[in-house]
Amino acid sequence: MLAIDNLTVAYGEIVALHGVSLKVEAGETVALIGANGAGKTTLLQTISGLNPVRGGDIRFAGASIAGASCDRRVRMGIAHAPEGRRIFPGLTVEENLIIGTAPWRRAGASYADELAFVVDLFPRLKERRKQLGWSLSGGEQQMLAIGRALMAKPKLLLLDEPSLGLAPRLAEEVYERVSRIRTSGLTILVVEQNTVLALAVADRGYVLETGRVVLEGSAADLRTSPRVREAYLGR
Ligand code: ATP
């Protein structure tokens, strides 16, 4: 579904990604792990079209999207729950969710099925649907960010550090829902510093260090890899 080939991305003189290649097959959940500053967010933002491609290519469903607008990529089926949630604080929970339907919805079209899927997954969003975005807890905001991305009817869901800033129990709760989204058949690329959680939900993973892929393999192999255990699992 997604094929990234020899991708280079830079901020002016600072090269953040040096020839990164990775693949995500339809139906897979793939984790991208790595320390702070490794380039994980840059990679997701480049897939979404927020950063220009300096070299290499990004192919989605067989076609190059390296020059496509963000808007077109969302309409093709790429939805992004960004780092820091970025929910609209002055809009209600329900309005934040409805905004997610903008890429595909014509005036008057129903979004009842998408909303039903999201509130079944995150019942708390239904309870809080009239509350303003700013009043939600960190965990609820994360659920809203994921829910809003799901409202776009994506084929590929990009998740940037869904556990960031959450207490361990809440982070586990968010990942339990990611696991349910995976079971529903959606293709997921998740970026995480919490290696334990990400590798528990993923089929495969890549390790990014200073803008380069240094290791890749099945989630099971990465969990037992000495390099991953030493650098990211603290053992
Ligand atoms: P984090 O977990 O902190 O988000 P990350 O792995 O997602 O880390 P990136 O945020 O992608 O890493 O950053 C990769 C590199 O690019 C870092 O060296 C960072 O300082 C640099 N960088 C990121 N954004 C910018 C920017 N807007 N301008 C200049 N340099 C940037």
# chains A, B, ... in the order shown; residues from 1 in each chain; ligands from 1
call {"tool": "select_by_dssp", "arguments": {"residues": "segment 65-125 of chain A", "states": "helix (DSSP H, G or I)", "output": "PyMOL selection string"}}
result
chain A and resi 70-76+93-99+112-121+123-125
call {"tool": "closest_atom_pairs", "arguments": {"of": "chain A", "to": "ligand 1", "cutoff": "12 Å", "atoms": "only C-alpha atoms and all ligand atoms", "output": "CSV"}}
result
residue,atom,partner,partner_atom_place_in_ligand_line,distance
A:Thr8,CA,ligand 1,16 (O),11.6
A:Val9,CA,ligand 1,16 (O),8.9
A:Ala10,CA,ligand 1,16 (O),7.5
A:Tyr11,CA,ligand 1,29 (C),4.8
A:Gly12,CA,ligand 1,29 (C),7.2
A:Glu13,CA,ligand 1,29 (C),8.6
A:Ile14,CA,ligand 1,30 (N),6.2
A:Val15,CA,ligand 1,16 (O),7.0
A:Ala16,CA,ligand 1,16 (O),4.4
A:Leu17,CA,ligand 1,14 (C),7.4
A:His18,CA,ligand 1,15 (C),10.7
A:Leu32,CA,ligand 1,6 (O),9.2
A:Ile33,CA,ligand 1,6 (O),8.1
A:Gly34,CA,ligand 1,6 (O),6.2
A:Ala35,CA,ligand 1,6 (O),5.9
A:Asn36,CA,ligand 1,8 (O),3.9
A:Gly37,CA,ligand 1,12 (O),3.4
A:Ala38,CA,ligand 1,6 (O),3.7
A:Gly39,CA,ligand 1,11 (O),3.2
A:Lys40,CA,ligand 1,7 (O),3.8
A:Thr41,CA,ligand 1,7 (O),3.5
A:Thr42,CA,ligand 1,11 (O),3.6
A:Leu43,CA,ligand 1,11 (O),6.4
A:Leu44,CA,ligand 1,11 (O),8.2
A:Gln45,CA,ligand 1,11 (O),8.3
A:Thr46,CA,ligand 1,11 (O),9.7
A:Leu50,CA,ligand 1,27 (N),10.5
A:Asn51,CA,ligand 1,27 (N),9.1
A:Pro52,CA,ligand 1,27 (N),11.8
A:Pro82,CA,ligand 1,4 (O),10.2
A:Glu83,CA,ligand 1,4 (O),7.3
A:Gly84,CA,ligand 1,4 (O),9.6
A:Leu159,CA,ligand 1,7 (O),11.5
A:Asp160,CA,ligand 1,7 (O),8.1
A:Glu161,CA,ligand 1,2 (O),7.6
A:Pro162,CA,ligand 1,2 (O),11.2
A:Ser163,CA,ligand 1,2 (O),11.3
A:Leu164,CA,ligand 1,2 (O),9.0
A:Gly165,CA,ligand 1,2 (O),11.6
A:Val190,CA,ligand 1,7 (O),11.4
A:Val191,CA,ligand 1,7 (O),7.9
A:Glu192,CA,ligand 1,2 (O),7.6
A:Gln193,CA,ligand 1,2 (O),6.7
A:Asn194,CA,ligand 1,2 (O),10.2
A:Val207,CA,ligand 1,6 (O),10.3
A:Leu208,CA,ligand 1,6 (O),7.7
A:Glu209,CA,ligand 1,6 (O),8.1
A:Thr210,CA,ligand 1,14 (C),7.3
A:Gly211,CA,ligand 1,14 (C),6.9
A:Arg212,CA,ligand 1,14 (C),10.6
A:Val213,CA,ligand 1,6 (O),11.7
call {"tool": "atom_distance", "arguments": {"atom1": "atom CA of Arg75 of chain A", "atom2": "atom CA of Trp104 of chain A"}}
result
6.6 Å
call {"tool": "closest_atom_pairs", "arguments": {"of": "segment 74-127 of chain A", "to": "segment 135-138 of chain A", "cutoff": "10 Å", "atoms": "only C-alpha atoms", "output": "CSV"}}
result
residue,atom,partner,partner_atom,distance
A:Gly84,CA,A:Gly138,CA,9.4
A:Arg85,CA,A:Gly138,CA,8.8
A:Pro89,CA,A:Ser135,CA,7.9
A:Gly90,CA,A:Ser135,CA,9.4
A:Thr92,CA,A:Ser135,CA,9.4
A:Val93,CA,A:Leu136,CA,8.8
A:Leu125,CA,A:Leu136,CA,9.5
call {"tool": "write_last_selection", "arguments": {"atoms": "N, CA and C atoms", "output": "short mmCIF file (atom, residue, chain, number, x, y, z; two decimals), in the first residue's frame"}}
result
data_model
loop_
_atom_site.label_atom_id
_atom_site.label_comp_id
_atom_site.auth_asym_id
_atom_site.auth_seq_id
_atom_site.Cartn_x
_atom_site.Cartn_y
_atom_site.Cartn_z
N GLY A 84 1.01 15.57 19.36
CA GLY A 84 0.43 16.70 20.09
C GLY A 84 -1.06 16.87 19.85
N ARG A 85 -1.68 15.86 19.21
CA ARG A 85 -3.14 15.78 18.94
C ARG A 85 -3.69 16.84 17.99
N PRO A 89 -9.41 23.51 19.90
CA PRO A 89 -9.84 23.69 21.29
C PRO A 89 -11.20 24.36 21.45
N GLY A 90 -11.54 25.24 20.50
CA GLY A 90 -12.80 25.99 20.62
C GLY A 90 -13.99 25.29 19.98
N THR A 92 -16.48 21.75 19.69
CA THR A 92 -16.88 20.62 20.53
C THR A 92 -16.24 19.33 20.00
N VAL A 93 -16.35 18.30 20.81
CA VAL A 93 -15.86 16.98 20.43
C VAL A 93 -16.52 16.55 19.11
N LEU A 125 -15.98 9.62 23.98
CA LEU A 125 -16.20 10.75 23.06
C LEU A 125 -17.69 11.01 22.88
#
call {"tool": "residues_around", "arguments": {"residues": "Ala149 of chain A", "least_positions_apart": "4", "cutoff": "8 Å", "atoms": "only C-alpha atoms", "output": "PyMOL selection string"}}
result
chain A and resi 79-81+100+145+153-154+157
call {"tool": "closest_residue", "arguments": {"among": "A:Leu2, A:Leu91, A:Lys23, A:Leu199", "to": "Gly62 of chain A", "atoms": "only C-alpha atoms"}}
result
A:Leu2
call {"tool": "atom_distance", "arguments": {"atom1": "atom CA of Arg177 of chain A", "atom2": "atom CA of Leu158 of chain A"}}
result
14.4 Å
call {"tool": "atom_distance", "arguments": {"atom1": "atom CA of Ala63 of chain A", "atom2": "atom CA of Gly185 of chain A"}}
result
21.7 Å
call {"tool": "closest_residue", "arguments": {"among": "A:Val118, A:Val24, A:Ile78, A:Met1", "to": "Phe60 of chain A", "atoms": "only C-alpha atoms"}}
result
A:Met1
call {"tool": "closest_residue", "arguments": {"among": "A:Arg182, A:Arg223, A:Arg106, A:Lys155", "to": "Thr195 of chain A", "atoms": "only C-alpha atoms"}}
result
A:Arg223
